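Peer 1: My structure file work-v9.cif, mmCIF, C-alpha atoms, is below:
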```cif
data_upload
#
loop_
_atom_site.label_atom_id
_atom_site.label_comp_id
_atom_site.auth_asym_id
_atom_site.auth_seq_id
_atom_site.Cartn_x
_atom_site.Cartn_y
_atom_site.Cartn_z
CA MET A 91 128.50 110.20 95.89
CA LYS A 92 125.99 107.37 95.47
CA LYS A 93 127.32 105.84 98.67
CA THR A 94 126.71 108.98 100.69
CA VAL A 95 123.15 109.16 99.47
CA LEU A 96 122.59 105.55 100.45
CA ALA A 97 124.16 106.11 103.84
CA ILE A 98 121.96 109.11 104.48
CA ALA A 99 118.88 107.23 103.34
CA GLY A 100 119.88 104.37 105.63
CA ALA A 101 120.26 106.70 108.58
CA ALA A 102 116.89 108.27 107.83
CA ILE A 103 115.20 104.87 107.86
CA ILE A 104 116.83 103.97 111.15
CA THR A 105 115.75 107.21 112.76
CA THR A 106 112.19 106.82 111.55
CA GLY A 107 112.24 103.21 112.74
CA LEU A 108 112.98 104.41 116.26
CA ALA A 109 111.19 107.74 116.01
CA ALA A 110 108.06 105.86 114.95
CA VAL A 111 107.78 105.05 118.61
CA ALA A 112 107.02 108.69 119.37
CA TYR A 113 103.65 108.73 117.61
CA SER A 114 101.22 105.97 118.14
CA ASP A 115 97.79 107.32 117.38
CA PRO A 116 95.87 107.23 114.13
CA VAL A 117 96.72 110.30 112.03
CA ASP A 118 94.44 113.30 111.85
CA ASP A 119 93.69 113.26 108.13
CA LYS A 120 90.73 113.28 105.78
CA LEU A 121 90.14 110.64 103.16
CA VAL A 122 88.43 112.13 100.14
CA ILE A 123 88.11 109.91 97.07
CA ASP A 124 86.63 111.26 93.84
CA GLY A 125 85.13 114.13 95.81
CA LEU A 126 83.47 111.84 98.34
CA GLU A 127 84.58 112.13 101.97
CA MET A 128 84.91 108.76 103.66
CA ILE A 129 83.94 108.24 107.28
CA THR A 130 87.23 107.06 108.74
CA LYS A 131 86.32 107.84 112.37
CA ALA A 132 82.96 107.09 113.92
CA PRO A 133 81.50 106.93 117.40
CA ALA A 134 81.58 103.29 118.49
CA PRO A 135 78.28 101.41 118.89
CA GLU A 136 77.05 100.70 122.39
CA GLY A 137 78.93 97.92 124.16
CA HIS A 138 82.11 98.50 122.12
CA PRO A 139 85.45 98.50 123.98
CA PHE A 140 86.57 101.72 122.22
CA ASP A 141 84.86 105.13 122.16
CA THR A 142 85.82 105.73 118.55
CA VAL A 143 86.31 103.32 115.70
CA TYR A 144 89.05 104.12 113.19
CA SER A 145 89.61 102.94 109.66
CA GLY A 146 92.90 101.14 109.06
CA TRP A 147 93.64 103.89 106.52
CA LEU A 148 94.51 106.28 109.38
CA PHE A 149 97.33 103.97 110.50
CA ARG A 150 99.10 103.69 107.19
CA GLU A 151 102.13 105.56 105.84
CA PRO A 152 101.47 108.79 103.87
CA GLU A 153 102.31 107.12 100.50
CA THR A 154 99.88 104.27 101.13
CA ARG A 155 97.17 106.73 102.17
CA ALA A 156 97.78 108.79 99.03
CA LEU A 157 97.50 105.73 96.81
CA GLU A 158 94.05 104.91 98.16
CA ALA A 159 92.93 108.54 97.89
CA ASP A 160 93.72 108.55 94.15
CA SER A 161 91.32 106.21 92.38
CA PHE A 162 93.34 106.47 89.14
CA ALA A 163 96.44 105.18 90.87
CA ASN A 164 94.75 102.65 93.18
CA PRO A 165 95.56 99.22 91.67
CA GLY A 166 92.43 97.80 93.34
CA MET A 167 90.31 99.69 90.80
CA LEU A 168 91.39 97.18 88.16
CA TYR A 169 89.50 94.57 90.14
CA VAL A 170 86.41 96.77 90.14
CA GLU A 171 86.61 96.87 86.33
CA ARG A 172 87.18 93.16 86.05
CA GLY A 173 84.24 92.59 88.42
CA GLN A 174 82.02 94.67 86.18
CA ASP A 175 82.91 92.45 83.20
CA ILE A 176 82.09 89.32 85.19
CA TRP A 177 78.79 90.89 86.30
CA ASN A 178 77.77 91.11 82.67
CA THR A 179 79.16 87.75 81.51
CA VAL A 180 76.89 84.73 81.07
CA ASP A 181 78.08 81.64 82.96
CA GLY A 182 76.56 78.26 83.87
CA THR A 183 73.90 76.00 82.39
CA LYS A 184 71.03 78.48 82.65
CA GLY A 185 72.57 81.00 80.29
CA LYS A 186 72.48 83.85 82.76
CA SER A 187 74.79 86.54 84.05
CA CYS A 188 74.40 88.52 87.30
CA ALA A 189 72.97 91.33 85.16
CA SER A 190 70.23 89.02 83.79
CA CYS A 191 68.59 89.11 87.23
CA HIS A 192 69.99 92.28 88.81
CA ASN A 193 70.36 94.63 85.81
CA ASP A 194 72.57 97.64 86.53
CA ALA A 195 74.58 97.03 89.69
CA ALA A 196 75.00 100.78 90.21
CA GLU A 197 71.27 100.83 91.03
CA THR A 198 70.39 97.38 92.31
CA MET A 199 73.49 96.84 94.44
CA LYS A 200 73.82 100.37 95.77
CA GLY A 201 74.41 100.26 99.55
CA ILE A 202 73.70 96.53 99.76
CA ALA A 203 77.13 95.22 100.80
CA ALA A 204 77.37 97.73 103.68
CA HIS A 205 74.91 95.47 105.53
CA TYR A 206 76.67 92.13 105.08
CA PRO A 207 77.11 89.58 106.61
CA LYS A 208 73.38 88.86 106.60
CA TRP A 209 71.31 86.08 108.04
CA ASN A 210 70.49 83.36 105.54
CA ALA A 211 67.39 81.42 106.52
CA ASP A 212 68.04 78.47 104.16
CA ALA A 213 71.58 77.89 105.32
CA LYS A 214 70.69 78.84 108.92
CA ARG A 215 73.89 80.82 109.18
CA PRO A 216 75.19 84.26 108.25
CA ILE A 217 76.55 84.66 104.75
CA ASN A 218 78.93 87.23 103.31
CA ILE A 219 79.13 88.61 99.76
CA GLU A 220 81.34 85.75 98.58
CA LEU A 221 78.80 83.17 99.77
CA GLN A 222 75.87 85.17 98.34
CA ILE A 223 77.64 85.14 94.98
CA ASP A 224 78.08 81.37 95.23
CA LYS A 225 74.40 80.99 96.11
CA CYS A 226 73.38 82.90 93.00
CA ARG A 227 75.82 80.95 90.87
CA THR A 228 74.63 77.53 92.01
CA GLU A 229 70.90 78.23 92.47
CA ASN A 230 70.17 80.74 89.73
CA MET A 231 72.87 80.33 87.11
CA GLY A 232 73.68 76.63 87.16
CA ALA A 233 77.35 77.50 87.63
CA GLU A 234 79.98 76.14 90.00
CA PRO A 235 80.71 77.99 93.24
CA TYR A 236 84.03 79.81 93.10
CA LYS A 237 87.13 78.29 94.63
CA PHE A 238 88.19 80.32 97.66
CA ASP A 239 90.19 83.35 96.57
CA ALA A 240 89.78 82.67 92.85
CA ALA A 241 90.63 85.93 91.05
CA ASP A 242 87.03 86.15 89.77
CA GLN A 243 85.62 85.74 93.27
CA LYS A 244 87.77 88.60 94.53
CA ALA A 245 86.94 90.78 91.54
CA LEU A 246 83.19 90.27 91.74
CA THR A 247 83.16 90.76 95.52
CA THR A 248 85.20 93.94 95.08
CA TYR A 249 82.79 95.20 92.42
CA ILE A 250 79.71 94.54 94.55
CA LYS A 251 81.28 96.12 97.65
CA TYR A 252 82.29 99.08 95.53
CA GLN A 253 78.59 99.79 94.87
CA SER A 254 78.42 100.69 98.60
CA PHE A 255 81.48 102.93 98.40
CA GLY A 256 81.26 105.52 101.19
CA ALA A 257 78.17 104.00 102.82
CA PRO A 258 78.50 103.38 106.57
CA VAL A 259 78.83 99.76 107.66
CA SER A 260 75.99 98.38 109.77
CA VAL A 261 74.96 94.80 110.39
CA ASP A 262 71.50 93.81 111.55
CA LEU A 263 71.94 91.57 114.58
CA LYS A 264 68.19 91.11 114.96
CA GLN A 265 67.92 88.85 111.91
CA GLY A 266 67.67 85.12 112.64
CA ASP A 267 70.39 83.91 114.99
CA MET A 268 72.82 86.71 114.15
CA GLN A 269 73.18 87.60 117.82
CA SER A 270 74.45 84.16 118.78
CA TRP A 271 76.98 84.27 115.93
CA TRP A 272 78.07 87.68 117.20
CA ASP A 273 78.49 86.17 120.68
CA LYS A 274 80.56 83.31 119.27
CA GLY A 275 82.66 85.74 117.26
CA LYS A 276 83.26 87.87 120.33
CA THR A 277 84.46 84.87 122.32
CA GLU A 278 86.86 83.99 119.51
CA TYR A 279 88.12 87.58 119.32
CA TYR A 280 89.28 87.38 122.91
CA THR A 281 90.53 83.77 122.83
CA ARG A 282 94.28 83.42 122.65
CA THR A 283 95.48 81.05 119.97
CA GLY A 284 98.66 79.31 118.99
CA GLN A 285 102.10 78.93 120.47
CA LEU A 286 102.47 82.72 120.69
CA ASN A 287 99.30 82.81 122.80
CA LEU A 288 97.77 85.94 121.27
CA ALA A 289 94.14 86.88 120.63
CA CYS A 290 92.83 89.34 118.04
CA ALA A 291 92.36 91.68 121.00
CA SER A 292 96.05 91.37 122.03
CA CYS A 293 97.08 93.13 118.84
CA HIS A 294 94.05 95.15 117.69
CA GLU A 295 92.68 96.26 121.05
CA ALA A 296 95.39 96.13 123.76
CA SER A 297 98.15 97.22 121.35
CA MET A 298 96.18 99.39 118.92
CA GLY A 299 98.34 102.31 117.74
CA LYS A 300 101.59 100.57 118.69
CA HIS A 301 104.14 98.99 116.40
CA ILE A 302 104.87 95.33 116.06
CA ARG A 303 108.18 95.51 114.20
CA ALA A 304 107.42 97.78 111.22
CA ASP A 305 103.65 97.34 111.37
CA HIS A 306 101.52 100.07 112.90
CA LEU A 307 98.70 98.18 114.59
CA SER A 308 95.23 99.37 113.65
CA GLN A 309 91.91 98.27 115.08
CA GLY A 310 91.84 95.51 112.46
CA GLN A 311 88.74 96.90 110.76
CA VAL A 312 87.17 95.14 107.79
CA ASN A 313 85.53 98.08 105.98
CA GLY A 314 88.13 98.13 103.19
CA PHE A 315 87.93 94.49 102.08
CA PRO A 316 88.76 93.09 99.63
CA THR A 317 91.86 95.25 100.05
CA TYR A 318 94.79 95.87 97.72
CA ARG A 319 97.90 94.85 99.70
CA LEU A 320 101.19 96.30 98.53
CA LYS A 321 103.18 93.53 100.22
CA GLN A 322 101.35 90.89 98.16
CA ALA A 323 100.80 93.13 95.12
CA ASP A 324 97.30 91.69 94.93
CA MET A 325 93.77 91.94 96.23
CA VAL A 326 93.36 90.22 99.59
CA SER A 327 90.03 88.89 100.80
CA LEU A 328 88.91 89.25 104.41
CA HIS A 329 89.08 85.54 105.13
CA ASN A 330 92.59 85.43 103.71
CA ARG A 331 93.61 88.30 106.01
CA MET A 332 92.06 86.73 109.11
CA ARG A 333 93.72 83.42 108.28
CA GLY A 334 97.04 85.26 108.02
CA CYS A 335 96.64 86.87 111.44
CA ILE A 336 95.73 83.52 113.01
CA ARG A 337 98.66 81.81 111.28
CA ASP A 338 100.96 84.44 112.79
CA THR A 339 100.00 83.27 116.28
CA ARG A 340 101.33 79.83 115.21
CA ALA A 341 97.90 78.22 115.38
CA GLU A 342 96.10 75.83 113.03
CA ILE A 343 94.26 77.98 110.50
CA PRO A 344 90.46 77.66 110.16
CA LYS A 345 89.06 77.15 106.64
CA ALA A 346 87.69 80.12 104.73
CA PHE A 347 83.92 80.55 105.33
CA SER A 348 84.03 78.04 108.21
CA ASP A 349 81.71 78.69 111.16
CA GLU A 350 84.69 80.09 113.09
CA LEU A 351 85.60 82.66 110.47
CA MET A 352 81.98 83.58 109.67
CA ALA A 353 81.31 84.25 113.37
CA LEU A 354 84.46 86.34 113.51
CA GLU A 355 83.38 88.24 110.38
CA VAL A 356 79.99 89.06 111.96
CA TYR A 357 81.62 90.30 115.16
CA VAL A 358 84.52 92.19 113.57
CA THR A 359 82.20 93.84 111.04
CA TRP A 360 80.07 95.09 113.95
CA ARG A 361 83.23 96.46 115.57
CA GLY A 362 83.55 98.78 112.57
CA THR A 363 79.95 100.02 112.61
CA GLY A 364 79.69 103.50 111.08
CA LEU A 365 82.89 103.40 109.01
CA SER A 366 82.50 103.90 105.27
CA VAL A 367 82.89 100.95 102.96
CA GLU A 368 86.33 101.73 101.46
CA THR A 369 86.62 98.83 99.03
CA PRO A 370 89.06 98.67 97.33
CA ALA A 371 91.19 100.01 100.19
CA VAL A 372 94.99 100.08 99.91
CA ARG A 373 97.11 98.70 102.72
CA GLN A 374 100.81 97.96 103.20
CA MET B 72 113.76 51.04 101.67
CA GLN B 73 113.55 54.81 101.55
CA ALA B 74 111.09 54.71 104.42
CA GLY B 75 113.47 52.55 106.46
CA LYS B 76 116.19 55.15 106.12
CA VAL B 77 113.88 57.93 107.19
CA ILE B 78 112.88 56.04 110.32
CA VAL B 79 116.50 55.41 111.29
CA VAL B 80 117.34 59.09 110.84
CA ALA B 81 114.29 60.15 112.81
CA ALA B 82 115.15 57.74 115.63
CA THR B 83 118.70 59.10 115.84
CA LEU B 84 117.40 62.64 115.96
CA SER B 85 114.96 61.90 118.74
CA VAL B 86 117.72 60.23 120.78
CA LEU B 87 119.82 63.37 120.37
CA ALA B 88 116.91 65.64 121.25
CA GLY B 89 116.14 63.45 124.25
CA ALA B 90 119.72 63.73 125.42
CA ALA B 91 119.71 67.52 125.14
CA TRP B 92 116.40 67.61 127.00
CA ALA B 93 117.58 65.43 129.90
CA ALA B 94 120.05 67.98 131.25
CA ASP B 95 117.55 70.86 130.93
CA THR B 96 114.74 71.68 133.29
CA ALA B 97 111.53 70.68 131.49
CA PRO B 98 109.14 73.60 130.85
CA THR B 99 106.60 72.14 133.28
CA ASP B 100 109.24 71.80 136.03
CA VAL B 101 110.41 75.41 136.08
CA LYS B 102 109.96 76.88 139.58
CA PHE B 103 108.83 80.47 139.90
CA VAL B 104 109.42 82.01 143.34
CA ASP B 105 108.78 85.73 143.92
CA ASN B 106 108.82 86.61 140.20
CA ALA B 107 112.11 84.81 139.74
CA VAL B 108 113.54 81.53 138.50
CA SER B 109 116.75 81.06 140.44
CA GLN B 110 118.29 78.07 138.63
CA SER B 111 119.70 78.18 135.11
CA LEU B 112 117.41 76.09 132.90
CA THR B 113 120.45 74.32 131.47
CA GLY B 114 122.53 74.25 134.63
CA LYS B 115 125.04 76.47 132.81
CA PRO B 116 125.42 80.22 132.30
CA GLY B 117 124.11 81.62 129.00
CA ASP B 118 126.18 83.14 126.22
CA ALA B 119 125.27 86.83 125.72
CA ALA B 120 126.64 86.99 122.16
CA GLU B 121 124.46 84.04 121.10
CA GLY B 122 121.59 85.62 123.01
CA ALA B 123 121.83 88.80 120.95
CA LYS B 124 121.29 86.68 117.83
CA VAL B 125 118.27 84.89 119.31
CA PHE B 126 116.90 88.26 120.43
CA VAL B 127 116.97 89.69 116.91
CA ASP B 128 116.08 86.59 114.86
CA ARG B 129 112.49 86.81 113.62
CA LYS B 130 112.13 83.03 113.74
CA LEU B 131 113.44 82.76 117.31
CA GLY B 132 113.00 85.42 120.00
CA ASN B 133 111.94 88.20 117.64
CA CYS B 134 112.08 90.36 120.76
CA LEU B 135 112.51 93.47 118.58
CA ALA B 136 108.96 92.92 117.31
CA CYS B 137 107.80 94.43 120.58
CA HIS B 138 110.86 96.03 122.25
CA GLN B 139 113.40 98.70 121.36
CA VAL B 140 117.07 98.49 122.24
CA SER B 141 119.31 101.48 121.47
CA ALA B 142 122.39 99.24 121.26
CA LEU B 143 120.73 97.43 118.31
CA LYS B 144 120.14 100.61 116.25
CA LYS B 145 121.54 98.94 113.15
CA GLU B 146 118.57 96.56 113.14
CA LEU B 147 115.56 98.18 111.48
CA PHE B 148 112.09 98.44 112.94
CA HIS B 149 111.96 98.09 116.68
CA GLY B 150 108.39 97.63 117.90
CA ASP B 151 106.84 99.38 120.89
CA VAL B 152 104.18 96.96 122.05
CA GLY B 153 106.42 96.48 125.11
CA PRO B 154 108.74 98.95 126.86
CA SER B 155 112.28 99.81 125.73
CA LEU B 156 114.73 97.30 127.16
CA ASP B 157 117.48 99.88 127.59
CA GLY B 158 118.57 99.46 131.19
CA ALA B 159 116.51 96.27 131.70
CA GLY B 160 119.67 94.60 133.04
CA SER B 161 119.78 97.21 135.82
CA ARG B 162 116.05 97.09 136.57
CA TRP B 163 115.85 93.29 136.81
CA LYS B 164 118.08 90.64 138.33
CA PRO B 165 119.09 87.78 135.99
CA GLU B 166 116.77 85.38 137.82
CA GLU B 167 113.88 87.79 137.24
CA LEU B 168 114.77 88.15 133.57
CA ARG B 169 114.75 84.34 133.37
CA ALA B 170 111.21 84.31 134.79
CA ILE B 171 110.07 87.01 132.35
CA VAL B 172 111.45 85.25 129.28
CA THR B 173 110.39 81.76 130.40
CA ASP B 174 106.78 82.73 131.09
CA SER B 175 106.13 86.43 131.55
CA LYS B 176 102.58 85.72 132.75
CA HIS B 177 104.05 84.70 136.12
CA VAL B 178 105.53 88.19 136.45
CA PHE B 179 103.15 90.53 134.57
CA GLY B 180 99.89 88.63 135.06
CA PRO B 181 97.65 86.70 132.67
CA ASP B 182 96.75 89.70 130.49
CA THR B 183 100.23 90.49 129.21
CA VAL B 184 100.65 90.11 125.45
CA MET B 185 104.25 88.95 125.83
CA PRO B 186 104.50 85.26 124.87
CA GLY B 187 106.03 82.70 127.23
CA PHE B 188 109.17 81.55 125.46
CA TYR B 189 109.73 78.38 127.49
CA SER B 190 106.22 77.53 128.54
CA LEU B 191 103.54 75.06 127.53
CA ASN B 192 100.88 77.41 128.83
CA VAL B 193 99.88 78.45 125.30
CA GLY B 194 96.82 79.40 123.26
CA VAL B 195 94.19 77.08 121.74
CA ASN B 196 94.60 75.27 118.39
CA VAL B 197 98.40 75.32 118.44
CA ARG B 198 99.83 74.44 115.03
CA LYS B 199 100.08 70.63 115.00
CA ASP B 200 103.84 70.42 114.54
CA LEU B 201 104.38 72.77 117.50
CA VAL B 202 102.21 70.98 120.06
CA GLY B 203 104.23 70.30 123.21
CA LYS B 204 107.10 72.47 121.94
CA THR B 205 108.35 75.74 123.36
CA ILE B 206 109.25 78.81 121.29
CA LEU B 207 112.85 78.76 122.48
CA THR B 208 115.03 75.98 123.88
CA ALA B 209 116.33 76.17 127.45
CA GLU B 210 119.75 77.10 126.08
CA GLN B 211 118.32 79.91 123.93
CA VAL B 212 116.46 81.29 126.95
CA GLU B 213 119.67 81.29 128.99
CA ASP B 214 121.50 83.04 126.15
CA VAL B 215 118.79 85.72 125.80
CA VAL B 216 118.74 86.27 129.56
CA ALA B 217 122.53 86.69 129.53
CA TYR B 218 122.18 89.22 126.71
CA VAL B 219 119.38 91.30 128.30
CA ALA B 220 121.39 91.33 131.56
CA THR B 221 124.10 93.27 129.68
CA LEU B 222 121.64 96.11 128.88
CA LYS B 223 122.66 98.30 131.80
CA GLU B 224 121.58 101.86 132.57
#
```
Could you show the structure in this file as structure tokens?
Peer 2:
Amino acid sequence: MKKTVLAIAGAAIITTGLAAVAYSDPVDDKLVIDGLEMITKAPAPEGHPFDTVYSGWLFREPETRALEADSFANPGMLYVERGQDIWNTVDGTKGKSCASCHNDAAETMKGIAAHYPKWNADAKRPINIELQIDKCRTENMGAEPYKFDAADQKALTTYIKYQSFGAPVSVDLKQGDMQSWWDKGKTEYYTRTGQLNLACASCHEASMGKHIRADHLSQGQVNGFPTYRLKQADMVSLHNRMRGCIRDTRAEIPKAFSDELMALEVYVTWRGTGLSVETPAVRQ
Amino acid sequence: MQAGKVIVVAATLSVLAGAAWAADTAPTDVKFVDNAVSQSLTGKPGDAAEGAKVFVDRKLGNCLACHQVSALKKELFHGDVGPSLDGAGSRWKPEELRAIVTDSKHVFGPDTVMPGFYSLNVGVNVRKDLVGKTILTAEQVEDVVAYVATLKE
């Protein structure tokens, strides 16, 4: 009896594995979270290779989509809570917390992260939320910068991004030298790396909507980061994800927050202009 | 003392690897004429049964990442970045299949996403331990070619 069930289940998986080939487009579905409809499809900005930009959510399996749509079930929400605690916790030699300067994040951080990365005049380079947090910690709190991918870094980044939940992504390329970082990021996006000789564009542009083994290739959008990844059962930062994709081409992996990855973040964020911030998104 | 041992072992290995290499056509010496490579890269015919293993293995060919093959239904998750290879052995001659697997850019043009499996024409920043190395050995390419040649209409 058990055996038959298993056999049938096995057959079903095999058929879907092959049948998956039949559909290749993003699904036609609405993402509504806590009554708020997310923008998962948007007209692409001028100069974009696609007409429409799609959230990675539209490429995921129904169960994964459902998990993100239900904020009670979404494991990423635990990181939002943890981030809130860190926001209010004093750290460093100056006896301050984030809240000491910024009060209630729900007001002061509302919509802010939808416009990162931003130009930073002191550093003369774009910075993302993680680097802005480190700036505040070192300059205003007398605390150490976070180690890359420290649980607290992911939680606080998730919490700050969550204050822009639903807001459309847009980066201001007119600030400082943002345009030249965008240019550099674009060149990288189309440069093939590693022994497998693949560029970001090979998978997320030329093969968008197709399957690479079991993975349904999306446009590789960043609007959901940090993202809860089922495969890792953990929050995954954007730089971790980009490093993973580069590693998969069998290339040397650039360091988190290096010029290479910051340029790529500027460019890839622009490629998702108009999509809602979905943090904490859920992905496979 | 430990270090001495390691060096001896390494030297033996490189002699062996060198010996295997000598009989094979080096990746930079492969001749492409009219979308085909006429000579076996090893000088010997490939083994289709071994080729099927290389084809499926995620660490080797991982061809299923991008191609479907009905005869391999028992393997889960066939990708569709490339076309189904059902009937590829009827559509292509073995010497054309050898060109496609060795370096598909010679056949499909520079924009194809299919990697060159026996080519040093690779991307930038190749992982240090893989510099100068091909994805598959000459023998594995011959085996895969022999396998794909069996996929008849």
Peer 1: Tell me which of B:Asn106, B:Thr173, B:Asn196, B:Gln211 sits closest to chain A, counting all atoms listed in the file.
Peer 2: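 Among B:Asn106, B:Thr173, B:Asn196, B:Gln211, it is B:Asn196 that comes nearest to chain A.
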Peer 1: With a cut-off of 7 Å and counting all atoms listed in the file, select all residues of chain A in contact with chain B and give the selection as number ranges by chain.
Peer 2: A: 104, 107-108, 111, 282-288, 292, 297, 300-304, 340-342
Peer 1: Take atom CA of B:Ser161 and atom CA of B:Lys223 and report the distance between them in Å, one decimal.
Peer 2: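 Taking atom CA of B:Ser161 and atom CA of B:Lys223, their separation equals 5.1 Å.
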Peer 1: Care to translate the PyMOL selection byres ((chain A and resi 181) around 12) into actual residues of this file, as a PyMOL selection string?
Peer 2: chain A and resi 175-180+182-190+226-228+230-236
Peer 1: Using the chain letters and numbers from the file, which residues does the PyMOL selection byres ((chain B and resi 97) around 10) grab, as a list in words?
Peer 2: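 With the shown file as input, the PyMOL selection byres ((chain B and resi 97) around 10) matches Trp92, Ala93, Ala94, Asp95, Thr96, Pro98, Thr99, Asp100, Val101, Leu112, Thr113, Tyr189, Ser190, Leu191, Thr208 and Ala209 of chain B.
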Peer 1: Run through the PyMOL selection byres ((chain A and resi 117-124) around 9) on the given coordinates and return the selected residues as a list in words.
Peer 2: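 Matching residues under the PyMOL selection byres ((chain A and resi 117-124) around 9) are Ser114, Asp115, Pro116, Gly125, Leu126, Glu127, Met128, Ile129, Thr130, Trp147, Leu148, Phe149, Arg150, Arg155, Ala156, Glu158, Ala159, Asp160 and Ser161 of chain A.
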Peer 1: Quick one: residues within 7 Å of stretch 115-121 of chain B, only C-alpha atoms counted, chain neighbours fewer than 3 positions away excluded, as a list in words?
Peer 2: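 With the cut-off at 7 Å, the set is Ser111, Lys124, Val125, Glu210, Glu213, Asp214, Val215, Ala217 and Tyr218 of chain B.
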Peer 1: Using all atoms listed in the file, can you tell me which of B:Pro154, B:Glu166, B:Thr221, B:Ser109 comes closest to B:Ala123?
Peer 2: B:Thr221
Peer 1: In Å to one decimal, how far is atom CA of A:Ala211 from atom CA of A:Tyr279?
Peer 2: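 Taking atom CA of A:Tyr279 as the start and atom CA of A:Ala211 as the end point, the length is 25.1 Å.
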Peer 1: Have a look at A:Gly201, A:Pro135, A:Gly166, A:Pro152 and name the one nearest to A:Thr248; count all atoms listed in the file.
Peer 2: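 Smallest distance to A:Thr248 is found for A:Gly166.
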Peer 1: Give me, please, the distance in Å between atom CA of A:Met298 and atom CA of A:Lys208, quoted to one decimal.
Peer 2: 28.0 Å
Peer 1: Please list as a ChimeraX atom specification every residue within 8 Å of A:Tyr280, counting all atoms listed in the file and excluding residues in the same chain fewer than 2 positions away.
Peer 2: /A:276-278,282,289-292
Peer 1: Give the answer as one residue: which of B:Val178, B:Leu207, B:Ala142, B:Val212 has the shortest atom-to-atom distance to B:Trp163, using only C-alpha atoms?
Peer 2: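 Closest residue, counting only C-alpha atoms: B:Val178.
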Peer 1: As JSON, what would the box around stretch 322-335 of chain A look like: edges along x, y and z, 3 Å added on every side, centre and edge lengths in Å to one decimal?
Peer 2:
```
{"center_x": 95.1, "center_y": 88.3, "center_z": 103.2, "size_x": 18.4, "size_y": 15.7, "size_z": 22.5}
```
Peer 1: Would you pick out the contacts of stretch 243-247 of chain A at 9 Å or less, using all atoms listed in the file, so that residues sharing its chain but fewer than 6 positions from it are not included, and give the list as a list in words?
Peer 2: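 Final neighbour list, sorted by chain and number: Leu168, Tyr169, Val170, Glu171, Arg172, Gly173, Gln174, Asp175, Ile176, Trp177, Ile219, Glu220, Ile223, Asp224, Tyr236, Lys237, Phe315, Pro316, Met325, Val326 and Ser327 of chain A.
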Peer 1: Could you name the residues that touch A:Gln374 at 7 Å or less, counting only C-alpha atoms, but leaving out those on the same chain fewer than 5 positions away, as a PyMOL selection string?
Peer 2: chain A and resi 154+319-321
